[in-house]
Structure formats: structure tokens, C-alpha cells
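Structure file target.pdb (PDB, C-alpha atoms) follows.
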ATOM      1  CA  MET D  27      46.447 -43.500  -1.810
ATOM      2  CA  SER D  28      48.305 -46.130   0.154
ATOM      3  CA  TYR D  29      48.397 -49.613  -1.324
ATOM      4  CA  GLY D  30      48.675 -52.793   0.701
ATOM      5  CA  ASP D  31      46.668 -55.952   1.061
ATOM      6  CA  GLY D  32      43.969 -54.356   3.233
ATOM      7  CA  THR D  33      44.384 -56.670   6.198
ATOM      8  CA  GLU D  34      46.015 -54.108   8.473
ATOM      9  CA  ARG D  35      43.923 -52.715  11.335
ATOM     10  CA  LEU D  36      42.223 -49.405  10.583
ATOM     11  CA  ASP D  37      43.814 -46.418  12.272
ATOM     12  CA  ASP D  38      41.617 -44.071  14.276
ATOM     13  CA  ASP D  39      42.348 -41.206  11.926
ATOM     14  CA  GLU D  40      41.349 -43.150   8.825
ATOM     15  CA  LEU D  41      38.326 -42.061   6.873
ATOM     16  CA  ILE D  42      35.808 -44.539   5.539
ATOM     17  CA  TYR D  43      33.135 -44.236   2.890
ATOM     18  CA  ARG D  44      29.576 -45.552   2.984
ATOM     19  CA  ARG D  45      27.783 -45.670  -0.374
ATOM     20  CA  VAL D  46      24.204 -44.351  -0.352
ATOM     21  CA  LEU D  47      21.626 -44.795  -3.117
ATOM     22  CA  ALA D  48      20.642 -41.417  -4.551
ATOM     23  CA  SER D  49      17.210 -42.573  -5.754
ATOM     24  CA  HIS D  50      16.018 -43.537  -2.269
ATOM     25  CA  GLY D  51      16.037 -40.031  -0.858
ATOM     26  CA  LEU D  52      18.372 -41.164   1.902
ATOM     27  CA  PHE D  53      20.258 -37.889   1.722
ATOM     28  CA  ASN D  54      18.419 -34.580   1.622
ATOM     29  CA  SER D  55      20.799 -32.168  -0.035
ATOM     30  CA  GLU D  56      18.633 -29.191   0.997
ATOM     31  CA  THR D  57      18.811 -29.953   4.702
ATOM     32  CA  GLY D  58      22.098 -31.839   4.668
ATOM     33  CA  LYS D  59      20.477 -34.644   6.673
ATOM     34  CA  LEU D  60      21.163 -38.329   6.144
ATOM     35  CA  SER D  61      18.587 -41.003   6.944
ATOM     36  CA  PRO D  62      19.502 -43.763   9.428
ATOM     37  CA  GLU D  63      18.389 -46.165   6.690
ATOM     38  CA  ALA D  64      21.694 -45.386   4.967
ATOM     39  CA  PHE D  65      23.250 -47.739   7.533
ATOM     40  CA  ARG D  66      20.599 -50.451   7.421
ATOM     41  CA  PRO D  67      21.947 -54.022   7.277
ATOM     42  CA  PHE D  68      20.525 -56.195   4.490
ATOM     43  CA  LYS D  69      20.465 -59.944   3.944
ATOM     44  CA  TYR D  70      23.965 -59.985   2.484
ATOM     45  CA  ASP D  71      25.311 -58.113   5.543
ATOM     46  CA  GLU D  72      25.689 -61.286   7.564
ATOM     47  CA  THR D  73      28.992 -60.176   9.107
ATOM     48  CA  GLY D  74      28.334 -56.431   9.054
ATOM     49  CA  ILE D  75      27.544 -53.542   6.735
ATOM     50  CA  SER D  76      30.160 -52.656   4.144
ATOM     51  CA  VAL D  77      32.300 -49.558   3.958
ATOM     52  CA  ASP D  78      35.382 -48.612   1.938
ATOM     53  CA  ARG D  79      38.652 -47.384   3.344
ATOM     54  CA  ALA D  80      39.618 -43.977   1.921
ATOM     55  CA  LYS D  81      43.280 -44.985   1.837
ATOM     56  CA  TYR D  82      42.449 -47.569  -0.817
ATOM     57  CA  CYS D  83      39.902 -45.810  -3.018
ATOM     58  CA  THR D  84      38.639 -42.437  -4.107
ATOM     59  CA  VAL D  85      35.180 -41.155  -3.233
ATOM     60  CA  ARG D  86      34.160 -41.649  -6.857
ATOM     61  CA  GLU D  87      35.362 -45.267  -6.807
ATOM     62  CA  ALA D  88      33.414 -45.849  -3.600
ATOM     63  CA  ALA D  89      30.307 -44.535  -5.381
ATOM     64  CA  GLU D  90      30.419 -47.048  -8.220
ATOM     65  CA  GLY D  91      27.270 -49.086  -8.691
ATOM     66  CA  ARG D  92      24.649 -50.088 -11.215
ATOM     67  CA  ASN D  93      21.755 -47.812 -10.301
ATOM     68  CA  PRO D  94      21.474 -45.193 -13.071
ATOM     69  CA  LYS D  95      20.486 -42.426 -10.663
ATOM     70  CA  GLY D  96      23.814 -42.787  -8.905
ATOM     71  CA  TYR D  97      25.000 -42.626  -5.340
ATOM     72  CA  PHE D  98      26.048 -40.312  -2.563
ATOM     73  CA  VAL D  99      28.990 -41.176  -0.324
ATOM     74  CA  ALA D 100      28.905 -40.592   3.427
ATOM     75  CA  VAL D 101      32.308 -39.903   4.965
ATOM     76  CA  LEU D 102      33.075 -40.971   8.537
ATOM     77  CA  ARG D 103      36.164 -41.169  10.745
ATOM     78  CA  VAL D 104      37.076 -44.497  12.319
ATOM     79  CA  GLY D 105      38.077 -42.949  15.630
ATOM     80  CA  ASP D 106      34.687 -41.258  16.002
ATOM     81  CA  ILE D 107      32.978 -44.587  15.371
ATOM     82  CA  ARG D 108      35.154 -46.362  17.946
ATOM     83  CA  ARG D 109      34.487 -43.689  20.568
ATOM     84  CA  ALA D 110      30.787 -44.400  20.049
ATOM     85  CA  GLY D 111      31.406 -48.036  20.951
ATOM     86  CA  LEU D 112      31.423 -49.482  17.435
ATOM     87  CA  GLU D 113      34.211 -51.145  15.487
ATOM     88  CA  VAL D 114      35.327 -51.104  11.867
ATOM     89  CA  VAL D 115      37.321 -54.145  10.767
ATOM     90  CA  PRO D 116      39.283 -54.815   7.583
ATOM     91  CA  ARG D 117      37.605 -57.338   5.285
ATOM     92  CA  PRO D 118      39.425 -57.191   1.948
ATOM     93  CA  VAL D 119      37.840 -59.014  -0.964
ATOM     94  CA  ALA D 120      39.073 -59.800  -4.452
ATOM     95  CA  GLY D 121      39.553 -56.526  -6.310
ATOM     96  CA  LYS D 122      38.744 -54.402  -3.247
ATOM     97  CA  PRO D 123      41.553 -54.421  -0.701
ATOM     98  CA  GLY D 124      39.909 -51.443   1.004
ATOM     99  CA  HIS D 125      36.669 -53.253   1.822
ATOM    100  CA  ALA D 126      35.848 -53.148   5.521
ATOM    101  CA  GLU D 127      32.834 -53.911   7.697
ATOM    102  CA  MET D 128      31.058 -52.768  10.818
ATOM    103  CA  PRO D 129      30.253 -56.082  12.560
ATOM    104  CA  ALA D 130      27.817 -54.549  15.057
ATOM    105  CA  LEU D 131      25.411 -53.716  12.230
ATOM    106  CA  ASN D 132      24.499 -57.117  10.860
ATOM    107  CA  TYR D 133      21.323 -58.601   9.406
ATOM    108  CA  ALA D 134      20.602 -61.009  12.255
ATOM    109  CA  ASP D 135      20.505 -58.133  14.730
ATOM    110  CA  ARG D 136      18.744 -55.673  12.436
ATOM    111  CA  ARG D 137      15.607 -55.223  14.570
ATOM    112  CA  SER D 138      17.307 -54.721  17.930
ATOM    113  CA  ALA D 139      17.125 -51.424  19.778
ATOM    114  CA  GLU D 140      20.909 -51.207  19.644
ATOM    115  CA  THR D 141      20.963 -51.438  15.852
ATOM    116  CA  GLN D 142      18.230 -48.833  15.532
ATOM    117  CA  GLN D 143      20.167 -46.470  17.789
ATOM    118  CA  ARG D 144      23.459 -47.117  16.031
ATOM    119  CA  LYS D 145      21.942 -46.355  12.619
ATOM    120  CA  LEU D 146      20.641 -43.022  13.863
ATOM    121  CA  LEU D 147      23.914 -42.126  15.556
ATOM    122  CA  LEU D 148      25.949 -42.945  12.449
ATOM    123  CA  ALA D 149      23.658 -40.937  10.194
ATOM    124  CA  ARG D 150      23.017 -37.899  12.339
ATOM    125  CA  GLN D 151      26.112 -37.481  14.513
ATOM    126  CA  LEU D 152      29.059 -39.440  13.148
ATOM    127  CA  THR D 153      28.810 -38.683   9.424
ATOM    128  CA  LEU D 154      31.289 -35.882   8.715
ATOM    129  CA  ARG D 155      29.917 -34.963   5.335
ATOM    130  CA  VAL D 156      28.117 -36.415   2.328
ATOM    131  CA  GLU D 157      29.574 -36.072  -1.142
ATOM    132  CA  GLY D 158      27.909 -36.440  -4.528
ATOM    133  CA  PRO D 159      25.738 -37.431  -6.142
ATOM    134  CA  PHE D 160      27.957 -39.452  -8.427
ATOM    135  CA  ILE D 161      26.141 -40.598 -11.522
ATOM    136  CA  ARG D 162      27.603 -43.142 -13.875
ATOM    137  CA  ALA D 163      28.416 -41.669 -17.260
ATOM    138  CA  GLU D 164      26.450 -43.365 -20.002
ATOM    139  CA  ALA D 165      28.539 -45.469 -22.391
TER     140      ALA D 165
ATOM    141  CA  MET X  27      13.121 -31.323  24.572
ATOM    142  CA  THR X  28       9.915 -33.071  25.532
ATOM    143  CA  ARG X  29       7.692 -35.770  24.232
ATOM    144  CA  LEU X  30       5.484 -33.011  22.827
ATOM    145  CA  ASP X  31       8.078 -32.732  20.068
ATOM    146  CA  ALA X  32       7.009 -36.246  19.098
ATOM    147  CA  ALA X  33       4.141 -35.531  16.731
ATOM    148  CA  TRP X  34       3.327 -39.116  15.884
ATOM    149  CA  ILE X  35       3.410 -40.902  19.215
ATOM    150  CA  PRO X  36       0.441 -43.281  19.360
ATOM    151  CA  ASN X  37      -1.642 -44.182  22.354
ATOM    152  CA  GLU X  38      -2.990 -47.612  23.222
ATOM    153  CA  ASN X  39      -5.224 -47.565  20.153
ATOM    154  CA  GLY X  40      -2.229 -47.904  17.899
ATOM    155  CA  LEU X  41      -2.640 -47.004  14.279
ATOM    156  CA  ALA X  42      -5.991 -45.322  14.722
ATOM    157  CA  ALA X  43      -4.478 -42.801  17.068
ATOM    158  CA  VAL X  44      -1.296 -41.977  15.193
ATOM    159  CA  GLY X  45      -1.182 -38.276  14.636
ATOM    160  CA  ALA X  46      -3.963 -37.542  17.109
ATOM    161  CA  GLU X  47      -3.593 -34.254  18.917
ATOM    162  CA  LEU X  48      -1.849 -34.580  22.270
ATOM    163  CA  PRO X  49      -3.566 -33.248  25.381
ATOM    164  CA  GLY X  50      -2.500 -29.698  26.018
ATOM    165  CA  GLU X  51      -0.966 -29.259  22.569
ATOM    166  CA  ALA X  52      -1.774 -25.895  21.071
ATOM    167  CA  ALA X  53      -4.164 -26.007  18.142
ATOM    168  CA  LEU X  54      -2.458 -25.622  14.787
ATOM    169  CA  SER X  55      -3.123 -22.494  12.784
ATOM    170  CA  SER X  56      -5.143 -23.002   9.621
ATOM    171  CA  ASP X  57      -2.080 -22.062   7.558
ATOM    172  CA  LYS X  58      -0.080 -24.759   9.265
ATOM    173  CA  VAL X  59      -2.868 -27.280   8.757
ATOM    174  CA  ASP X  60      -3.044 -26.404   5.067
ATOM    175  CA  HIS X  61       0.728 -26.664   4.698
ATOM    176  CA  ASN X  62       0.775 -30.037   6.391
ATOM    177  CA  ARG X  63      -1.967 -31.331   4.100
ATOM    178  CA  ILE X  64      -0.106 -30.104   1.031
ATOM    179  CA  VAL X  65       3.033 -31.930   2.085
ATOM    180  CA  TRP X  66       1.101 -35.113   2.826
ATOM    181  CA  ASP X  67      -0.604 -34.883  -0.558
ATOM    182  CA  ARG X  68       2.809 -34.593  -2.179
ATOM    183  CA  VAL X  69       3.912 -37.754  -0.409
ATOM    184  CA  ILE X  70       0.793 -39.703  -1.326
ATOM    185  CA  ASP X  71       0.018 -38.409  -4.797
ATOM    186  CA  ARG X  72       3.528 -37.832  -6.113
ATOM    187  CA  LYS X  73       6.229 -39.780  -4.339
ATOM    188  CA  LEU X  74       4.351 -42.993  -3.563
ATOM    189  CA  SER X  75       2.585 -42.905  -6.939
ATOM    190  CA  ASP X  76       5.914 -42.370  -8.691
ATOM    191  CA  TRP X  77       7.371 -45.383  -6.913
ATOM    192  CA  ALA X  78       4.366 -47.475  -7.847
ATOM    193  CA  SER X  79       4.689 -46.579 -11.516
ATOM    194  CA  ASP X  80       8.463 -47.057 -11.740
ATOM    195  CA  PRO X  81       9.759 -49.324  -8.959
ATOM    196  CA  ASP X  82      12.923 -50.187 -10.933
ATOM    197  CA  GLN X  83      14.354 -46.746 -10.201
ATOM    198  CA  LEU X  84      14.744 -47.911  -6.600
ATOM    199  CA  ALA X  85      16.328 -51.297  -7.321
ATOM    200  CA  ASP X  86      19.969 -52.126  -6.719
ATOM    201  CA  ASP X  87      22.080 -55.198  -5.943
ATOM    202  CA  GLY X  88      20.266 -56.987  -3.166
ATOM    203  CA  ILE X  89      17.867 -54.057  -2.660
ATOM    204  CA  LEU X  90      14.140 -54.536  -3.204
ATOM    205  CA  PRO X  91      11.885 -51.600  -4.155
ATOM    206  CA  PRO X  92       8.675 -51.091  -2.187
ATOM    207  CA  SER X  93       6.033 -53.647  -3.091
ATOM    208  CA  PRO X  94       2.606 -52.600  -4.396
ATOM    209  CA  GLN X  95       1.134 -53.763  -1.083
ATOM    210  CA  SER X  96       3.549 -51.599   0.929
ATOM    211  CA  ILE X  97       2.826 -48.591  -1.236
ATOM    212  CA  ALA X  98      -0.917 -49.105  -0.835
ATOM    213  CA  LEU X  99      -0.613 -49.411   2.947
ATOM    214  CA  ALA X 100       1.713 -46.410   3.174
ATOM    215  CA  SER X 101      -0.759 -44.377   1.126
ATOM    216  CA  ARG X 102      -3.588 -45.414   3.461
ATOM    217  CA  ILE X 103      -1.564 -44.476   6.517
ATOM    218  CA  GLY X 104      -0.592 -41.199   4.898
ATOM    219  CA  ARG X 105      -4.214 -40.325   4.187
ATOM    220  CA  LEU X 106      -5.193 -41.235   7.739
ATOM    221  CA  MET X 107      -2.483 -39.024   9.218
ATOM    222  CA  ARG X 108      -3.205 -36.214   6.764
ATOM    223  CA  ASP X 109      -6.878 -36.221   7.656
ATOM    224  CA  ARG X 110      -5.964 -36.029  11.355
ATOM    225  CA  ASP X 111      -3.834 -32.936  10.651
ATOM    226  CA  SER X 112      -0.719 -34.800  11.714
ATOM    227  CA  ALA X 113       2.716 -33.316  10.992
ATOM    228  CA  PRO X 114       4.016 -34.658   7.688
ATOM    229  CA  PRO X 115       7.214 -36.683   7.447
ATOM    230  CA  THR X 116      10.519 -34.980   6.814
ATOM    231  CA  SER X 117      11.571 -38.011   4.729
ATOM    232  CA  VAL X 118       9.911 -40.974   3.039
ATOM    233  CA  ILE X 119      12.397 -43.758   2.385
ATOM    234  CA  PRO X 120      12.199 -47.244   0.857
ATOM    235  CA  ASN X 121      13.525 -49.706   3.427
ATOM    236  CA  GLY X 122      15.251 -51.774   0.738
ATOM    237  CA  GLU X 123      13.268 -54.902   1.667
ATOM    238  CA  GLY X 124       9.995 -54.080  -0.049
ATOM    239  CA  GLY X 125       8.765 -51.696   2.624
ATOM    240  CA  ILE X 126       8.691 -47.983   3.372
ATOM    241  CA  VAL X 127       9.743 -45.750   6.253
ATOM    242  CA  PHE X 128       8.186 -42.403   7.187
ATOM    243  CA  GLU X 129      10.678 -40.319   9.158
ATOM    244  CA  ARG X 130      10.215 -37.136  11.140
ATOM    245  CA  ALA X 131      13.023 -35.220  12.816
ATOM    246  CA  CYS X 132      12.432 -32.348  15.220
ATOM    247  CA  GLY X 133      15.323 -31.190  17.372
ATOM    248  CA  GLN X 134      16.616 -34.132  19.378
ATOM    249  CA  VAL X 135      13.478 -36.158  18.675
ATOM    250  CA  PHE X 136      13.424 -38.573  15.765
ATOM    251  CA  GLU X 137      10.379 -40.641  14.847
ATOM    252  CA  ALA X 138       9.897 -43.400  12.330
ATOM    253  CA  ILE X 139       6.922 -45.384  11.110
ATOM    254  CA  GLU X 140       8.110 -48.432   9.223
ATOM    255  CA  ILE X 141       5.714 -50.264   6.926
ATOM    256  CA  GLU X 142       7.133 -53.722   6.272
ATOM    257  CA  ASP X 143       6.453 -55.775   3.183
ATOM    258  CA  ASP X 144       4.508 -58.318   5.238
ATOM    259  CA  GLY X 145       2.051 -55.617   6.345
ATOM    260  CA  THR X 146       3.398 -55.064   9.835
ATOM    261  CA  VAL X 147       3.781 -51.448  10.903
ATOM    262  CA  GLU X 148       5.982 -50.227  13.720
ATOM    263  CA  TYR X 149       6.407 -46.838  15.362
ATOM    264  CA  ARG X 150       9.793 -45.889  16.862
ATOM    265  CA  LEU X 151      10.645 -42.817  18.929
ATOM    266  CA  PHE X 152      14.195 -41.701  19.626
ATOM    267  CA  GLU X 153      15.300 -39.003  22.057
ATOM    268  CA  ASP X 154      18.957 -37.983  21.977
ATOM    269  CA  TYR X 155      19.744 -41.062  19.824
ATOM    270  CA  ARG X 156      18.136 -43.449  22.333
ATOM    271  CA  LEU X 157      15.186 -45.576  21.332
ATOM    272  CA  VAL X 158      12.693 -44.689  24.071
ATOM    273  CA  HIS X 159       9.497 -46.117  22.633
ATOM    274  CA  ARG X 160       8.546 -48.640  19.983
ATOM    275  CA  GLN X 161       5.083 -49.934  19.284
ATOM    276  CA  ALA X 162       3.476 -52.227  16.752
ATOM    277  CA  LEU X 163       0.699 -50.340  15.010
ATOM    278  CA  ALA X 164      -0.592 -53.103  12.752
TER     279      ALA X 164
END

Produce C-alpha cells that represent the structure in this file.
Amino acid sequence: MSYGDGTERLDDDELIYRRVLASHGLFNSETGKLSPEAFRPFKYDETGISVDRAKYCTVREAAEGRNPKGYFVAVLRVGDIRRAGLEVVPRPVAGKPGHAEMPALNYADRRSAETQQRKLLLARQLTLRVEGPFIRAEA
Amino acid sequence: MTRLDAAWIPNENGLAAVGAELPGEAALSSDKVDHNRIVWDRVIDRKLSDWASDPDQLADDGILPPSPQSIALASRIGRLMRDRDSAPPTSVIPNGEGGIVFERACGQVFEAIEIEDDGTVEYRLFEDYRLVHRQALA
């Protein structure tokens, strides 16, 4: 992994990770299909939904969270997302230099036709693969 | 790809017509009808009931599990669509804000019925990733 401060622009060939709750049925491992709801913006996504840059974290690190049933991780390529008219911007936070966001998918715009279409496109066309599930080992 | 692939598209009657047979659509075989009912029953009697009994399994930071009201409304809608021999969903997903989404994918057609926590229900139809129809059902 490459270490920096996370403020550099994402390259087109960079991979990003989107964490997906396993308990919600968002990923059907039998069909290999991901629900558009995996890219739904929530109240805390004021400036865009969160993703992690693969150059700064492993898939397992991207899957960390508190839900005991664990998480899947959707893998996407930045260049594919840009060719679809969306952007991924660096947004490092304390402890997570690889944190990035997709500004076009934000809570204020969550009901628009564009957001609905973008969610479906990300889930069904732009996701390269889904890894996991990753379940937290009990202490 | 045609609108006939959209199994759930409602007419002007909204919720009451969801799942109604489209004009010209071939009648389903009895095996298909039975299969569809079995899948709907699984959604209503297992998945939604499981969520109602253990909503915490669906909680996460900033994510709300489906509310009892959403589960009740989703169950009612599911029974309505089951009894009209409508195609069952390919996925049933919590929307993370107290509501539930029924999804159905068939070829390049994708349909969703979203039951919001405030009781509103919306139908959305996508063709080739474009939202071509959306309609409030309740």
C-alpha cells in the first residue's frame, strides 16, 4: 500500500471500496447481484457517500464495522465511475487518509431521478466484484 | 426489452393495481403461480417476521432498521401482490431509514417499491439504468 496524506487526486486506475452491510441482503451471493441501496446516501452523507481508497487500506480494513453479521466490500474503479459522469474526491479524515467521497450521491439529492439512476448504475454496471463477507472475530 | 418485463407497473389506481395482469400478458401456469406464492410467503412469513422479531440485527452506525409500521405495511403489500399472483421480488432490502424496498430485476428492467417509514409508498421503473416511471402508490 502507498502511504501519503490522502489529499492527492485519485487516479483513474485506482480502485475504491464501498462497505456493504451483510445483514441487509444488499448482496446476493447466489446471483452475484448488488442492490442499488448499497449506494444510498444517508443523513450523514451531506457531502457525498463514503468510499475507501484501496491504496490506503486492505479490503478487510475497509470492511471494519460494528455490526456482528459483518460486511461485504464492493470494488470499483475510479476511471469507470468518471466515464459514467461521476466523480470521486479525496476526503481524508483523522485515522483514515484513504477516505474519499462521491459528491453526486448526497443526502439532500437522495430522491432525485439522477441519484436513483446513479445508484443502479454503480451497483449493477460499475461494481467490478464484491468480496466477503468479512465478519468481526469475537474477542 | 419491453414494458411487459415490468411485472409490477401500476395503472392509475395505484396500489390497488400493483401486480395486476397486463393486457395481452400470457396467463401464468399453475406451477408458476404456486412458486410465486411460495416465494411471497417466504418474504412475508419469514424475512419480514424475522426483522420484526430482531430489528437490532439490521442496525449500524446511522442506519435505522425497518420500523414495526413499515414491516406491517410491507407485509400488507406483499399479501396483496401475492394474492394477485404478482411476480415476487428478487430482493427485499431495509432502506436504512426505517423503511423497506422490494426489488425486482428482469433483464434490463429493474423495478422497486419503496415503503418509507412515514407510510408513503413509491414505485420506480428503470429501463437500461434510466428511471422511466415513478409513481406514488400510497

Picked residues, the PyMOL selection byres ((chain D and resi 107-116) around 6), as an NGL selection string: :D and (33 or 104-106 or 117 or 126-128)

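Once the PyMOL selection byres ((chain D) within 8 of (chain X)) is applied to this file, the selection holds Ser49, His50, Gly51, Leu52, Ser61, Glu63, Phe68, Lys69, Tyr70, Arg92, Asn93, Pro94, Lys95, Ala139, Gln142, Gln143, Leu146 and Leu147 of chain D.
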
Length of the atom CA of D:Asp38 to atom CA of D:Leu131 vector [Å]: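 Computing the Euclidean distance for atom CA of D:Asp38 and atom CA of D:Leu131 yields 19.0 Å.
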
Distance query X:Val147 at most 8 Å, only C-alpha atoms, self and fewer than 4 positions along chain excluded, as a PyMOL selection string: chain X and resi 139-142+162-164

Distance query X:Ser79 at most 12 Å, only C-alpha atoms, self and fewer than 3 positions along chain excluded, as a list in words: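 Listing them by chain and then by number gives Asp71, Arg72, Lys73, Leu74, Ser75, Asp76, Asp82, Gln83, Leu84, Pro91, Pro92, Ser93, Pro94 and Ile97 of chain X.
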
Expected selection from the PyMOL selection byres ((chain X and resi 99) around 10), given as a list of chain:residue names: X:Ser93, X:Pro94, X:Gln95, X:Ser96, X:Ile97, X:Ala98, X:Ala100, X:Ser101, X:Arg102, X:Ile103, X:Gly104, X:Arg105, X:Gly125, X:Ile126, X:Ile141, X:Glu142, X:Asp143, X:Gly145, X:Thr146, X:Val147

Using only C-alpha atoms, please write the residues we just selected to a file, as a PDB file, in the frame of the given file.
ATOM      1  CA  SER X  93       6.033 -53.647  -3.091  1.00  0.00           C
ATOM      2  CA  PRO X  94       2.606 -52.600  -4.396  1.00  0.00           C
ATOM      3  CA  GLN X  95       1.134 -53.763  -1.083  1.00  0.00           C
ATOM      4  CA  SER X  96       3.549 -51.599   0.929  1.00  0.00           C
ATOM      5  CA  ILE X  97       2.826 -48.591  -1.236  1.00  0.00           C
ATOM      6  CA  ALA X  98      -0.917 -49.105  -0.835  1.00  0.00           C
ATOM      7  CA  ALA X 100       1.713 -46.410   3.174  1.00  0.00           C
ATOM      8  CA  SER X 101      -0.759 -44.377   1.126  1.00  0.00           C
ATOM      9  CA  ARG X 102      -3.588 -45.414   3.461  1.00  0.00           C
ATOM     10  CA  ILE X 103      -1.564 -44.476   6.517  1.00  0.00           C
ATOM     11  CA  GLY X 104      -0.592 -41.199   4.898  1.00  0.00           C
ATOM     12  CA  ARG X 105      -4.214 -40.325   4.187  1.00  0.00           C
ATOM     13  CA  GLY X 125       8.765 -51.696   2.624  1.00  0.00           C
ATOM     14  CA  ILE X 126       8.691 -47.983   3.372  1.00  0.00           C
ATOM     15  CA  ILE X 141       5.714 -50.264   6.926  1.00  0.00           C
ATOM     16  CA  GLU X 142       7.133 -53.722   6.272  1.00  0.00           C
ATOM     17  CA  ASP X 143       6.453 -55.775   3.183  1.00  0.00           C
ATOM     18  CA  GLY X 145       2.051 -55.617   6.345  1.00  0.00           C
ATOM     19  CA  THR X 146       3.398 -55.064   9.835  1.00  0.00           C
ATOM     20  CA  VAL X 147       3.781 -51.448  10.903  1.00  0.00           C
TER      21      VAL X 147
END

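One finds atom CA of D:Arg136 at 18.6 Å from atom CA of D:Arg45.
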
May I ask you to restore N, CA and C atoms in stretch 65-84 of chain X and write the result as a short mmCIF file (atom, residue, chain, number, x, y, z; two decimals), keeping the file's coordinate frame?
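Result file follows (result22.cif):
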data_model
loop_
_atom_site.label_atom_id
_atom_site.label_comp_id
_atom_site.auth_asym_id
_atom_site.auth_seq_id
_atom_site.Cartn_x
_atom_site.Cartn_y
_atom_site.Cartn_z
N VAL X 65 1.85 -31.06 2.06
CA VAL X 65 3.03 -31.93 2.08
C VAL X 65 2.62 -33.40 2.07
N TRP X 66 1.60 -33.73 2.85
CA TRP X 66 1.10 -35.11 2.83
C TRP X 66 0.61 -35.50 1.42
N ASP X 67 -0.10 -34.59 0.79
CA ASP X 67 -0.60 -34.88 -0.56
C ASP X 67 0.55 -35.14 -1.53
N ARG X 68 1.63 -34.39 -1.32
CA ARG X 68 2.81 -34.59 -2.18
C ARG X 68 3.38 -35.99 -1.97
N VAL X 69 3.40 -36.41 -0.72
CA VAL X 69 3.91 -37.75 -0.41
C VAL X 69 3.03 -38.81 -1.06
N ILE X 70 1.72 -38.66 -0.88
CA ILE X 70 0.79 -39.70 -1.33
C ILE X 70 0.64 -39.69 -2.84
N ASP X 71 0.39 -38.51 -3.39
CA ASP X 71 0.02 -38.41 -4.80
C ASP X 71 1.21 -38.31 -5.74
N ARG X 72 2.37 -37.93 -5.22
CA ARG X 72 3.53 -37.83 -6.11
C ARG X 72 4.55 -38.92 -5.80
N LYS X 73 5.13 -38.86 -4.62
CA LYS X 73 6.23 -39.78 -4.34
C LYS X 73 5.78 -41.24 -4.39
N LEU X 74 4.77 -41.59 -3.61
CA LEU X 74 4.35 -42.99 -3.56
C LEU X 74 3.81 -43.44 -4.93
N SER X 75 3.09 -42.57 -5.61
CA SER X 75 2.58 -42.90 -6.94
C SER X 75 3.72 -43.10 -7.93
N ASP X 76 4.74 -42.25 -7.81
CA ASP X 76 5.91 -42.37 -8.69
C ASP X 76 6.62 -43.70 -8.47
N TRP X 77 6.74 -44.09 -7.21
CA TRP X 77 7.37 -45.38 -6.91
C TRP X 77 6.54 -46.53 -7.46
N ALA X 78 5.24 -46.40 -7.36
CA ALA X 78 4.37 -47.48 -7.85
C ALA X 78 4.49 -47.63 -9.37
N SER X 79 4.66 -46.51 -10.05
CA SER X 79 4.69 -46.58 -11.52
C SER X 79 6.06 -46.98 -12.05
N ASP X 80 7.11 -46.73 -11.28
CA ASP X 80 8.46 -47.06 -11.74
C ASP X 80 9.30 -47.59 -10.58
N PRO X 81 9.01 -48.80 -10.11
CA PRO X 81 9.76 -49.32 -8.96
C PRO X 81 11.22 -49.62 -9.28
N ASP X 82 11.54 -49.84 -10.57
CA ASP X 82 12.92 -50.19 -10.93
C ASP X 82 13.92 -49.10 -10.59
N GLN X 83 13.44 -47.84 -10.52
CA GLN X 83 14.35 -46.75 -10.20
C GLN X 83 14.96 -46.91 -8.81
N LEU X 84 14.30 -47.74 -7.98
CA LEU X 84 14.74 -47.91 -6.60
C LEU X 84 15.51 -49.22 -6.39
#
